[in-house]
>>> print(open('work.pdb').read())   # PDB, C-alpha atoms, pLDDT in the B column
ATOM      1  CA  MET A  14      12.986   6.722   8.850  1.00 40.00           C
ATOM      2  CA  THR A  15      10.631   9.600   9.474  1.00 41.00           C
ATOM      3  CA  GLN A  16       8.978  12.047   7.078  1.00 45.00           C
ATOM      4  CA  GLY A  17      10.768  13.274   4.010  1.00 49.00           C
ATOM      5  CA  GLY A  18      11.872  11.385   0.975  1.00 62.00           C
ATOM      6  CA  ASN A  19      13.167  11.514  -2.528  1.00 84.00           C
ATOM      7  CA  GLY A  20      11.418   9.766  -5.341  1.00 94.00           C
ATOM      8  CA  VAL A  21       9.902   6.397  -6.012  1.00 96.00           C
ATOM      9  CA  TRP A  22      12.116   3.309  -5.948  1.00 97.00           C
ATOM     10  CA  VAL A  23      11.488  -0.158  -7.318  1.00 97.00           C
ATOM     11  CA  LEU A  24      13.659  -3.078  -6.303  1.00 97.00           C
ATOM     12  CA  CYS A  25      14.038  -5.009  -9.545  1.00 97.00           C
ATOM     13  CA  GLU A  26      14.854  -8.692  -9.608  1.00 95.00           C
ATOM     14  CA  GLN A  27      16.890 -10.563 -12.158  1.00 93.00           C
ATOM     15  CA  ARG A  28      17.322 -14.241 -12.858  1.00 91.00           C
ATOM     16  CA  GLY A  29      20.366 -15.360 -14.786  1.00 87.00           C
ATOM     17  CA  GLY A  30      21.067 -11.792 -15.883  1.00 86.00           C
ATOM     18  CA  ARG A  31      17.536 -11.138 -17.205  1.00 91.00           C
ATOM     19  CA  VAL A  32      15.312  -8.589 -15.489  1.00 94.00           C
ATOM     20  CA  THR A  33      12.091 -10.340 -14.456  1.00 94.00           C
ATOM     21  CA  GLU A  34       8.732  -9.534 -15.995  1.00 93.00           C
ATOM     22  CA  ASP A  35       7.317  -8.782 -12.522  1.00 94.00           C
ATOM     23  CA  SER A  36      10.000  -6.114 -12.081  1.00 95.00           C
ATOM     24  CA  LEU A  37       9.279  -4.520 -15.453  1.00 95.00           C
ATOM     25  CA  ARG A  38       5.571  -4.414 -14.636  1.00 94.00           C
ATOM     26  CA  LEU A  39       6.276  -2.924 -11.210  1.00 96.00           C
ATOM     27  CA  LEU A  40       8.330  -0.207 -12.896  1.00 96.00           C
ATOM     28  CA  GLY A  41       5.135   0.687 -14.787  1.00 94.00           C
ATOM     29  CA  ALA A  42       3.300   1.215 -11.498  1.00 95.00           C
ATOM     30  CA  GLY A  43       6.278   3.154 -10.162  1.00 96.00           C
ATOM     31  CA  ARG A  44       6.351   5.318 -13.286  1.00 95.00           C
ATOM     32  CA  ARG A  45       2.706   6.305 -12.817  1.00 94.00           C
ATOM     33  CA  LEU A  46       3.292   7.175  -9.143  1.00 95.00           C
ATOM     34  CA  ALA A  47       6.467   9.148  -9.898  1.00 95.00           C
ATOM     35  CA  ASP A  48       4.719  11.095 -12.664  1.00 93.00           C
ATOM     36  CA  ALA A  49       1.785  11.890 -10.357  1.00 92.00           C
ATOM     37  CA  ARG A  50       4.210  13.141  -7.675  1.00 91.00           C
ATOM     38  CA  GLY A  51       6.441  14.971 -10.149  1.00 92.00           C
ATOM     39  CA  THR A  52       9.475  13.038  -8.980  1.00 93.00           C
ATOM     40  CA  GLU A  53      12.106  10.604 -10.229  1.00 95.00           C
ATOM     41  CA  LEU A  54      11.629   6.852 -10.626  1.00 96.00           C
ATOM     42  CA  SER A  55      14.673   4.830  -9.613  1.00 97.00           C
ATOM     43  CA  ALA A  56      15.298   1.122 -10.108  1.00 97.00           C
ATOM     44  CA  LEU A  57      17.599  -0.769  -7.773  1.00 96.00           C
ATOM     45  CA  LEU A  58      19.224  -3.837  -9.343  1.00 96.00           C
ATOM     46  CA  LEU A  59      21.419  -6.210  -7.368  1.00 96.00           C
ATOM     47  CA  GLY A  60      23.413  -9.138  -8.724  1.00 94.00           C
ATOM     48  CA  PHE A  61      26.641 -10.087 -10.432  1.00 94.00           C
ATOM     49  CA  ARG A  62      27.827  -9.605 -14.007  1.00 93.00           C
ATOM     50  CA  LEU A  63      25.136  -7.053 -14.707  1.00 92.00           C
ATOM     51  CA  GLY A  64      25.582  -4.076 -16.981  1.00 87.00           C
ATOM     52  CA  ALA A  65      24.332  -2.166 -19.999  1.00 90.00           C
ATOM     53  CA  GLU A  66      21.798  -4.743 -21.198  1.00 90.00           C
ATOM     54  CA  GLN A  67      19.954  -4.817 -17.891  1.00 92.00           C
ATOM     55  CA  THR A  68      20.148  -1.081 -17.203  1.00 92.00           C
ATOM     56  CA  ALA A  69      18.858  -0.328 -20.728  1.00 91.00           C
ATOM     57  CA  ALA A  70      15.887  -2.646 -20.124  1.00 92.00           C
ATOM     58  CA  LEU A  71      15.100  -0.792 -16.898  1.00 94.00           C
ATOM     59  CA  GLY A  72      15.334   2.591 -18.639  1.00 93.00           C
ATOM     60  CA  ASN A  73      13.100   1.389 -21.476  1.00 90.00           C
ATOM     61  CA  ALA A  74      10.574   0.229 -18.880  1.00 91.00           C
ATOM     62  CA  GLY A  75      10.361   3.671 -17.256  1.00 91.00           C
ATOM     63  CA  ALA A  76      13.264   4.155 -14.828  1.00 95.00           C
ATOM     64  CA  ASP A  77      14.916   7.587 -14.767  1.00 95.00           C
ATOM     65  CA  ARG A  78      17.825   6.278 -12.687  1.00 96.00           C
ATOM     66  CA  VAL A  79      19.266   2.842 -12.017  1.00 96.00           C
ATOM     67  CA  TYR A  80      21.234   2.071  -8.880  1.00 96.00           C
ATOM     68  CA  LEU A  81      23.333  -0.912  -9.917  1.00 96.00           C
ATOM     69  CA  CYS A  82      25.096  -3.012  -7.315  1.00 95.00           C
ATOM     70  CA  ASP A  83      27.211  -5.597  -9.108  1.00 94.00           C
ATOM     71  CA  ASP A  84      29.096  -7.841  -6.694  1.00 94.00           C
ATOM     72  CA  PRO A  85      29.978 -11.546  -6.569  1.00 94.00           C
ATOM     73  CA  LEU A  86      28.306 -11.783  -3.133  1.00 93.00           C
ATOM     74  CA  LEU A  87      25.021 -10.826  -4.807  1.00 94.00           C
ATOM     75  CA  ALA A  88      25.172 -13.398  -7.616  1.00 92.00           C
ATOM     76  CA  ASP A  89      22.407 -15.416  -5.972  1.00 91.00           C
ATOM     77  CA  TYR A  90      19.809 -14.037  -3.596  1.00 93.00           C
ATOM     78  CA  ALA A  91      20.801 -14.196   0.051  1.00 94.00           C
ATOM     79  CA  THR A  92      18.774 -12.390   2.698  1.00 95.00           C
ATOM     80  CA  GLU A  93      21.482 -10.605   4.653  1.00 95.00           C
ATOM     81  CA  PRO A  94      23.610  -9.153   1.819  1.00 95.00           C
ATOM     82  CA  TYR A  95      20.555  -7.961  -0.120  1.00 96.00           C
ATOM     83  CA  THR A  96      19.002  -6.454   3.033  1.00 97.00           C
ATOM     84  CA  ARG A  97      22.245  -4.696   3.911  1.00 96.00           C
ATOM     85  CA  VAL A  98      22.602  -3.117   0.449  1.00 96.00           C
ATOM     86  CA  LEU A  99      18.939  -2.082   0.199  1.00 96.00           C
ATOM     87  CA  CYS A 100      18.821  -0.552   3.687  1.00 97.00           C
ATOM     88  CA  SER A 101      22.156   1.219   3.348  1.00 96.00           C
ATOM     89  CA  LEU A 102      21.043   2.905   0.127  1.00 96.00           C
ATOM     90  CA  ALA A 103      17.589   3.742   1.475  1.00 96.00           C
ATOM     91  CA  GLU A 104      19.045   5.286   4.632  1.00 95.00           C
ATOM     92  CA  GLU A 105      21.461   7.350   2.560  1.00 94.00           C
ATOM     93  CA  ARG A 106      19.148   8.421  -0.306  1.00 94.00           C
ATOM     94  CA  LYS A 107      15.809   8.442   1.540  1.00 95.00           C
ATOM     95  CA  PRO A 108      13.190   7.351  -1.019  1.00 96.00           C
ATOM     96  CA  GLU A 109       9.610   8.453  -0.414  1.00 94.00           C
ATOM     97  CA  ILE A 110       8.174   5.182  -1.761  1.00 96.00           C
ATOM     98  CA  LEU A 111       9.841   1.758  -2.066  1.00 97.00           C
ATOM     99  CA  LEU A 112       8.145  -1.024  -4.040  1.00 97.00           C
ATOM    100  CA  LEU A 113       9.153  -4.684  -4.296  1.00 97.00           C
ATOM    101  CA  PRO A 114       7.637  -7.560  -6.254  1.00 96.00           C
ATOM    102  CA  ALA A 115       5.655  -9.963  -4.038  1.00 95.00           C
ATOM    103  CA  THR A 116       7.802 -12.885  -5.146  1.00 95.00           C
ATOM    104  CA  ALA A 117       9.685 -15.292  -2.900  1.00 95.00           C
ATOM    105  CA  THR A 118      12.600 -12.830  -2.882  1.00 95.00           C
ATOM    106  CA  GLY A 119      10.439  -9.774  -2.233  1.00 95.00           C
ATOM    107  CA  ARG A 120       8.457 -11.517   0.488  1.00 96.00           C
ATOM    108  CA  ASP A 121      11.683 -12.450   2.255  1.00 96.00           C
ATOM    109  CA  LEU A 122      13.479  -9.135   1.789  1.00 96.00           C
ATOM    110  CA  ALA A 123      10.704  -6.556   2.312  1.00 96.00           C
ATOM    111  CA  PRO A 124       9.796  -7.241   5.963  1.00 97.00           C
ATOM    112  CA  ARG A 125      13.439  -7.334   7.008  1.00 96.00           C
ATOM    113  CA  ALA A 126      14.139  -4.064   5.227  1.00 96.00           C
ATOM    114  CA  ALA A 127      11.016  -2.424   6.678  1.00 96.00           C
ATOM    115  CA  ALA A 128      12.034  -3.436  10.195  1.00 96.00           C
ATOM    116  CA  ARG A 129      15.563  -2.069   9.759  1.00 96.00           C
ATOM    117  CA  LEU A 130      14.256   1.146   8.235  1.00 96.00           C
ATOM    118  CA  ARG A 131      11.664   1.432  11.020  1.00 96.00           C
ATOM    119  CA  THR A 132       8.772   1.873   8.635  1.00 94.00           C
ATOM    120  CA  GLY A 133       5.593   0.034   7.751  1.00 91.00           C
ATOM    121  CA  LEU A 134       5.074  -2.505   4.996  1.00 94.00           C
ATOM    122  CA  THR A 135       1.914  -3.439   3.159  1.00 93.00           C
ATOM    123  CA  ALA A 136       2.324  -6.884   1.633  1.00 92.00           C
ATOM    124  CA  ASP A 137       0.646  -8.416  -1.420  1.00 91.00           C
ATOM    125  CA  CYS A 138      -0.926  -5.241  -2.776  1.00 92.00           C
ATOM    126  CA  THR A 139      -3.137  -5.457  -5.822  1.00 92.00           C
ATOM    127  CA  ALA A 140      -3.316  -1.705  -6.518  1.00 93.00           C
ATOM    128  CA  LEU A 141      -1.364   1.458  -5.733  1.00 94.00           C
ATOM    129  CA  ALA A 142      -2.501   5.081  -5.901  1.00 93.00           C
ATOM    130  CA  LEU A 143      -1.805   8.408  -4.259  1.00 92.00           C
ATOM    131  CA  ASP A 144      -4.310   9.638  -1.691  1.00 89.00           C
ATOM    132  CA  ALA A 145      -5.823  12.844  -3.064  1.00 86.00           C
ATOM    133  CA  GLU A 146      -5.950  14.554   0.329  1.00 88.00           C
ATOM    134  CA  THR A 147      -2.619  13.611   1.884  1.00 88.00           C
ATOM    135  CA  GLY A 148      -0.439  12.639  -1.080  1.00 87.00           C
ATOM    136  CA  CYS A 149       0.429   9.421   0.772  1.00 90.00           C
ATOM    137  CA  LEU A 150       0.724   6.136  -1.058  1.00 92.00           C
ATOM    138  CA  LYS A 151      -2.582   4.281  -0.870  1.00 92.00           C
ATOM    139  CA  MET A 152      -1.881   0.552  -0.940  1.00 91.00           C
ATOM    140  CA  THR A 153      -4.834  -1.714  -1.687  1.00 91.00           C
ATOM    141  CA  LEU A 154      -4.994  -5.376  -0.762  1.00 88.00           C
ATOM    142  CA  PRO A 155      -7.713  -7.975  -0.430  1.00 85.00           C
ATOM    143  CA  ALA A 156      -8.936  -8.792   3.077  1.00 81.00           C
ATOM    144  CA  PHE A 157     -11.310 -11.383   4.509  1.00 78.00           C
ATOM    145  CA  GLY A 158     -10.639 -13.919   1.779  1.00 76.00           C
ATOM    146  CA  GLY A 159     -10.951 -11.335  -0.973  1.00 73.00           C
ATOM    147  CA  ARG A 160     -14.474 -10.243   0.007  1.00 81.00           C
ATOM    148  CA  LEU A 161     -13.241  -6.788   0.957  1.00 83.00           C
ATOM    149  CA  MET A 162     -10.541  -4.501  -0.414  1.00 87.00           C
ATOM    150  CA  ALA A 163      -8.593  -2.620   2.245  1.00 87.00           C
ATOM    151  CA  ASP A 164      -6.698   0.630   1.624  1.00 87.00           C
ATOM    152  CA  ILE A 165      -3.628   1.121   3.795  1.00 84.00           C
ATOM    153  CA  VAL A 166      -1.585   4.325   4.177  1.00 86.00           C
ATOM    154  CA  CYS A 167       1.636   5.007   6.033  1.00 86.00           C
ATOM    155  CA  PRO A 168       1.326   8.709   6.902  1.00 82.00           C
ATOM    156  CA  GLU A 169       4.258   9.148   9.255  1.00 85.00           C
ATOM    157  CA  ARG A 170       7.184   6.926   8.293  1.00 87.00           C
ATOM    158  CA  ARG A 171       9.326   6.814   5.166  1.00 92.00           C
ATOM    159  CA  PRO A 172       9.813   5.098   2.907  1.00 94.00           C
ATOM    160  CA  GLN A 173       6.249   3.968   2.310  1.00 94.00           C
ATOM    161  CA  MET A 174       6.845   0.303   1.451  1.00 96.00           C
ATOM    162  CA  ALA A 175       4.742  -2.236  -0.407  1.00 96.00           C
ATOM    163  CA  THR A 176       5.111  -5.568  -2.121  1.00 96.00           C
ATOM    164  CA  VAL A 177       2.908  -5.919  -5.193  1.00 95.00           C
ATOM    165  CA  ARG A 178       1.434  -9.211  -6.371  1.00 91.00           C
ATOM    166  CA  PRO A 179       2.750 -10.595  -9.659  1.00 89.00           C
ATOM    167  CA  GLY A 180       0.485  -9.531 -12.507  1.00 86.00           C
ATOM    168  CA  ALA A 181      -1.167  -6.721 -10.513  1.00 85.00           C
ATOM    169  CA  ALA A 182       0.797  -3.972 -12.275  1.00 83.00           C
ATOM    170  CA  GLU A 183       1.048  -3.159 -15.958  1.00 83.00           C
ATOM    171  CA  ARG A 184       4.154  -2.134 -17.836  1.00 79.00           C
ATOM    172  CA  ALA A 185       4.578   1.484 -18.847  1.00 78.00           C
ATOM    173  CA  PRO A 186       4.801   1.997 -22.614  1.00 78.00           C
ATOM    174  CA  ALA A 187       8.333   1.005 -23.638  1.00 73.00           C
ATOM    175  CA  SER A 188      10.590   3.808 -24.811  1.00 73.00           C
ATOM    176  CA  ALA A 189      13.927   2.939 -26.397  1.00 67.00           C
ATOM    177  CA  ALA A 190      14.642   6.685 -26.373  1.00 69.00           C
ATOM    178  CA  ARG A 191      14.516   6.797 -22.572  1.00 74.00           C
ATOM    179  CA  ALA A 192      17.978   6.271 -21.137  1.00 80.00           C
ATOM    180  CA  ALA A 193      18.259   5.891 -17.410  1.00 86.00           C
ATOM    181  CA  ALA A 194      21.154   7.482 -15.574  1.00 86.00           C
ATOM    182  CA  VAL A 195      23.187   4.617 -14.129  1.00 89.00           C
ATOM    183  CA  GLU A 196      24.856   4.915 -10.768  1.00 90.00           C
ATOM    184  CA  ARG A 197      27.054   2.066  -9.610  1.00 92.00           C
ATOM    185  CA  VAL A 198      26.775   1.597  -5.867  1.00 90.00           C
ATOM    186  CA  ALA A 199      28.599  -0.594  -3.388  1.00 77.00           C
TER     187      ALA A 199
END
>>> encode(input="work.pdb", output="C-alpha cells")
Amino acid sequence: MTQGGNGVWVLCEQRGGRVTEDSLRLLGAGRRLADARGTELSALLLGFRLGAEQTAALGNAGADRVYLCDDPLLADYATEPYTRVLCSLAEERKPEILLLPATATGRDLAPRAAARLRTGLTADCTALALDAETGCLKMTLPAFGGRLMADIVCPERRPQMATVRPGAAERAPASAARAAAVERVA
C-alpha cells in the first residue's frame, strides 16, 4: 500500500482464550503512538470462541476499537488463514501503523503480511517513536550485536510495520472505564 492510513493497529495474540501479556504491553506502545498522532488505536484479535472477556481486556489495555475475527479455522495459529485475514482487513481499512509482537507467531506472520501489503517491516524493535520532522514511525532496533542502535523509518509505504520484542513495551495504565468498540469481522 502507498501513502495514507487510518490509525494505529496492534495484532493481539491469545493463547487458550487469554490475551497474552506481550499483546497487552504492545497496546501500551500503540496507545502512546495513537495519542501522539491524534488517532484511534485498534486491536485485531483472531481465534475461536472469543468474546466479551477478551475484548474488555483489550479495551482496558488502551484499545479504542477491537476487530474480532472469531472462526473455527483460527482456533490455532496457522500461517495462511491468519495472513489472509490480516491482509484483507489492512487492505480494506488502511492502517497507518501496524504492530505485532515479536513472538513465534508474529515473526512468522509479519513478513508474509508485509510482502502481501507491499510495505516494509522492521523486525525485533526495542523502541518506537514518531519522527518529529516527518511524523513517520521511528523503529529502533539493535545492530552489530547490540553495540549500535539503528533507527528505521518507512516514509513511502503504508502501513508502517514493526514487530516489537517481548518486554520492550510497557502497558498503558489500565482503565476499566474504557470500553472499546467491537467490530466482528470475517
>>> closest_residue(input="work.pdb", among="A:Val195, A:Ala91, A:Ala103, A:Leu71", to="Gly119 (chain A)", atoms="all atoms listed in the file")
A:Ala91
>>> axis_aligned_box(input="work.pdb", around="region 196-199 of chain A", padding_each_side="5 Å", output="JSON")
{"center_x": 26.7, "center_y": 2.2, "center_z": -7.1, "size_x": 13.7, "size_y": 15.5, "size_z": 17.4}
>>> closest_residue(input="work.pdb", among="A:Gly180, A:Gly20, A:Gly29, A:Gly60", to="Arg45 (chain A)", atoms="only C-alpha atoms")
A:Gly20
>>> residues_around(input="work.pdb", residues="region 143-150 of chain A", least_positions_apart="6", cutoff="12 Å", atoms="all atoms listed in the file", output="JSON, numbers by chain")
{"A": [16, 17, 18, 21, 42, 43, 45, 46, 47, 48, 49, 50, 51, 109, 110, 111, 112, 133, 134, 135, 164, 165, 166, 167, 168, 169, 170, 171, 172, 173, 174, 175]}
>>> resolve_selection(input="work.pdb", expression="the PyMOL selection byres ((chain A and resi 89) around 9)", output="number ranges by chain")
A: 28, 60-61, 85-88, 90-91
>>> resolve_selection(input="work.pdb", expression="the PyMOL selection byres ((chain A and resi 59) around 8)", output="list in words")
Cys25, Glu26, Gln27, Leu57, Leu58, Gly60, Phe61, Leu81, Cys82, Asp83, Asp84, Leu87 and Tyr95 of chain A
>>> closest_residue(input="work.pdb", among="A:Arg129, A:Arg120, A:Lys151, A:Arg191", to="Glu104 (chain A)", atoms="only C-alpha atoms")
A:Arg129
>>> closest_residue(input="work.pdb", among="A:Val32, A:Ala76, A:Leu63, A:Leu54", to="Ala187 (chain A)", atoms="all atoms listed in the file")
A:Ala76
>>> decode(input="work.pdb", residues="region 95-118 of chain A", atoms="N, CA, C and O atoms", output="PDB file, in the first residue's frame")
ATOM      1  N   TYR A  95      -4.345 -16.789   8.996  1.00  0.00           N
ATOM      2  CA  TYR A  95      -4.085 -15.552   9.736  1.00  0.00           C
ATOM      3  C   TYR A  95      -3.588 -14.453   8.780  1.00  0.00           C
ATOM      4  O   TYR A  95      -4.001 -13.300   8.887  1.00  0.00           O
ATOM      5  N   THR A  96      -2.704 -14.816   7.851  1.00  0.00           N
ATOM      6  CA  THR A  96      -2.205 -13.835   6.883  1.00  0.00           C
ATOM      7  C   THR A  96      -3.341 -13.299   6.027  1.00  0.00           C
ATOM      8  O   THR A  96      -3.435 -12.087   5.789  1.00  0.00           O
ATOM      9  N   ARG A  97      -4.211 -14.183   5.588  1.00  0.00           N
ATOM     10  CA  ARG A  97      -5.326 -13.775   4.729  1.00  0.00           C
ATOM     11  C   ARG A  97      -6.233 -12.779   5.456  1.00  0.00           C
ATOM     12  O   ARG A  97      -6.599 -11.744   4.898  1.00  0.00           O
ATOM     13  N   VAL A  98      -6.584 -13.073   6.698  1.00  0.00           N
ATOM     14  CA  VAL A  98      -7.468 -12.181   7.463  1.00  0.00           C
ATOM     15  C   VAL A  98      -6.789 -10.834   7.708  1.00  0.00           C
ATOM     16  O   VAL A  98      -7.384  -9.776   7.468  1.00  0.00           O
ATOM     17  N   LEU A  99      -5.541 -10.866   8.183  1.00  0.00           N
ATOM     18  CA  LEU A  99      -4.826  -9.623   8.479  1.00  0.00           C
ATOM     19  C   LEU A  99      -4.694  -8.750   7.235  1.00  0.00           C
ATOM     20  O   LEU A  99      -4.996  -7.549   7.272  1.00  0.00           O
ATOM     21  N   CYS A 100      -4.277  -9.335   6.128  1.00  0.00           N
ATOM     22  CA  CYS A 100      -4.060  -8.549   4.904  1.00  0.00           C
ATOM     23  C   CYS A 100      -5.368  -8.037   4.323  1.00  0.00           C
ATOM     24  O   CYS A 100      -5.435  -6.899   3.844  1.00  0.00           O
ATOM     25  N   SER A 101      -6.400  -8.832   4.360  1.00  0.00           N
ATOM     26  CA  SER A 101      -7.699  -8.398   3.852  1.00  0.00           C
ATOM     27  C   SER A 101      -8.198  -7.176   4.615  1.00  0.00           C
ATOM     28  O   SER A 101      -8.637  -6.191   4.021  1.00  0.00           O
ATOM     29  N   LEU A 102      -8.107  -7.231   5.941  1.00  0.00           N
ATOM     30  CA  LEU A 102      -8.541  -6.086   6.750  1.00  0.00           C
ATOM     31  C   LEU A 102      -7.650  -4.866   6.527  1.00  0.00           C
ATOM     32  O   LEU A 102      -8.141  -3.744   6.415  1.00  0.00           O
ATOM     33  N   ALA A 103      -6.350  -5.080   6.465  1.00  0.00           N
ATOM     34  CA  ALA A 103      -5.432  -3.955   6.270  1.00  0.00           C
ATOM     35  C   ALA A 103      -5.646  -3.303   4.907  1.00  0.00           C
ATOM     36  O   ALA A 103      -5.608  -2.077   4.797  1.00  0.00           O
ATOM     37  N   GLU A 104      -5.874  -4.098   3.877  1.00  0.00           N
ATOM     38  CA  GLU A 104      -6.130  -3.527   2.556  1.00  0.00           C
ATOM     39  C   GLU A 104      -7.436  -2.741   2.537  1.00  0.00           C
ATOM     40  O   GLU A 104      -7.527  -1.706   1.879  1.00  0.00           O
ATOM     41  N   GLU A 105      -8.416  -3.208   3.260  1.00  0.00           N
ATOM     42  CA  GLU A 105      -9.718  -2.541   3.301  1.00  0.00           C
ATOM     43  C   GLU A 105      -9.696  -1.289   4.175  1.00  0.00           C
ATOM     44  O   GLU A 105     -10.213  -0.243   3.792  1.00  0.00           O
ATOM     45  N   ARG A 106      -9.104  -1.369   5.364  1.00  0.00           N
ATOM     46  CA  ARG A 106      -9.176  -0.285   6.357  1.00  0.00           C
ATOM     47  C   ARG A 106      -7.969   0.645   6.343  1.00  0.00           C
ATOM     48  O   ARG A 106      -8.015   1.719   6.910  1.00  0.00           O
ATOM     49  N   LYS A 107      -6.871   0.208   5.783  1.00  0.00           N
ATOM     50  CA  LYS A 107      -5.675   1.017   5.578  1.00  0.00           C
ATOM     51  C   LYS A 107      -5.101   1.657   6.845  1.00  0.00           C
ATOM     52  O   LYS A 107      -5.068   2.891   6.982  1.00  0.00           O
ATOM     53  N   PRO A 108      -4.588   0.855   7.775  1.00  0.00           N
ATOM     54  CA  PRO A 108      -3.942   1.445   8.956  1.00  0.00           C
ATOM     55  C   PRO A 108      -2.655   2.170   8.569  1.00  0.00           C
ATOM     56  O   PRO A 108      -1.976   1.795   7.615  1.00  0.00           O
ATOM     57  N   GLU A 109      -2.340   3.200   9.323  1.00  0.00           N
ATOM     58  CA  GLU A 109      -1.090   3.941   9.137  1.00  0.00           C
ATOM     59  C   GLU A 109       0.085   3.142   9.698  1.00  0.00           C
ATOM     60  O   GLU A 109       1.158   3.093   9.112  1.00  0.00           O
ATOM     61  N   ILE A 110      -0.140   2.532  10.866  1.00  0.00           N
ATOM     62  CA  ILE A 110       0.897   1.783  11.582  1.00  0.00           C
ATOM     63  C   ILE A 110       0.310   0.439  11.983  1.00  0.00           C
ATOM     64  O   ILE A 110      -0.842   0.369  12.437  1.00  0.00           O
ATOM     65  N   LEU A 111       1.090  -0.630  11.842  1.00  0.00           N
ATOM     66  CA  LEU A 111       0.667  -1.976  12.221  1.00  0.00           C
ATOM     67  C   LEU A 111       1.784  -2.618  13.024  1.00  0.00           C
ATOM     68  O   LEU A 111       2.895  -2.801  12.519  1.00  0.00           O
ATOM     69  N   LEU A 112       1.485  -2.941  14.292  1.00  0.00           N
ATOM     70  CA  LEU A 112       2.464  -3.521  15.202  1.00  0.00           C
ATOM     71  C   LEU A 112       2.089  -4.959  15.540  1.00  0.00           C
ATOM     72  O   LEU A 112       0.908  -5.268  15.730  1.00  0.00           O
ATOM     73  N   LEU A 113       3.097  -5.815  15.653  1.00  0.00           N
ATOM     74  CA  LEU A 113       2.904  -7.207  16.038  1.00  0.00           C
ATOM     75  C   LEU A 113       3.937  -7.564  17.096  1.00  0.00           C
ATOM     76  O   LEU A 113       5.075  -7.065  17.050  1.00  0.00           O
ATOM     77  N   PRO A 114       3.577  -8.445  18.027  1.00  0.00           N
ATOM     78  CA  PRO A 114       4.590  -8.917  18.977  1.00  0.00           C
ATOM     79  C   PRO A 114       5.651  -9.737  18.241  1.00  0.00           C
ATOM     80  O   PRO A 114       5.341 -10.469  17.307  1.00  0.00           O
ATOM     81  N   ALA A 115       6.901  -9.633  18.670  1.00  0.00           N
ATOM     82  CA  ALA A 115       7.986 -10.411  18.057  1.00  0.00           C
ATOM     83  C   ALA A 115       8.066 -11.773  18.756  1.00  0.00           C
ATOM     84  O   ALA A 115       9.070 -12.134  19.349  1.00  0.00           O
ATOM     85  N   THR A 116       6.967 -12.495  18.658  1.00  0.00           N
ATOM     86  CA  THR A 116       6.868 -13.854  19.185  1.00  0.00           C
ATOM     87  C   THR A 116       7.014 -14.804  18.005  1.00  0.00           C
ATOM     88  O   THR A 116       7.153 -14.362  16.858  1.00  0.00           O
ATOM     89  N   ALA A 117       6.921 -16.092  18.257  1.00  0.00           N
ATOM     90  CA  ALA A 117       6.980 -17.052  17.149  1.00  0.00           C
ATOM     91  C   ALA A 117       5.876 -16.756  16.132  1.00  0.00           C
ATOM     92  O   ALA A 117       6.111 -16.774  14.917  1.00  0.00           O
ATOM     93  N   THR A 118       4.679 -16.451  16.611  1.00  0.00           N
ATOM     94  CA  THR A 118       3.564 -16.135  15.717  1.00  0.00           C
ATOM     95  C   THR A 118       3.837 -14.855  14.941  1.00  0.00           C
ATOM     96  O   THR A 118       3.709 -14.802  13.725  1.00  0.00           O
TER      97      THR A 118
END
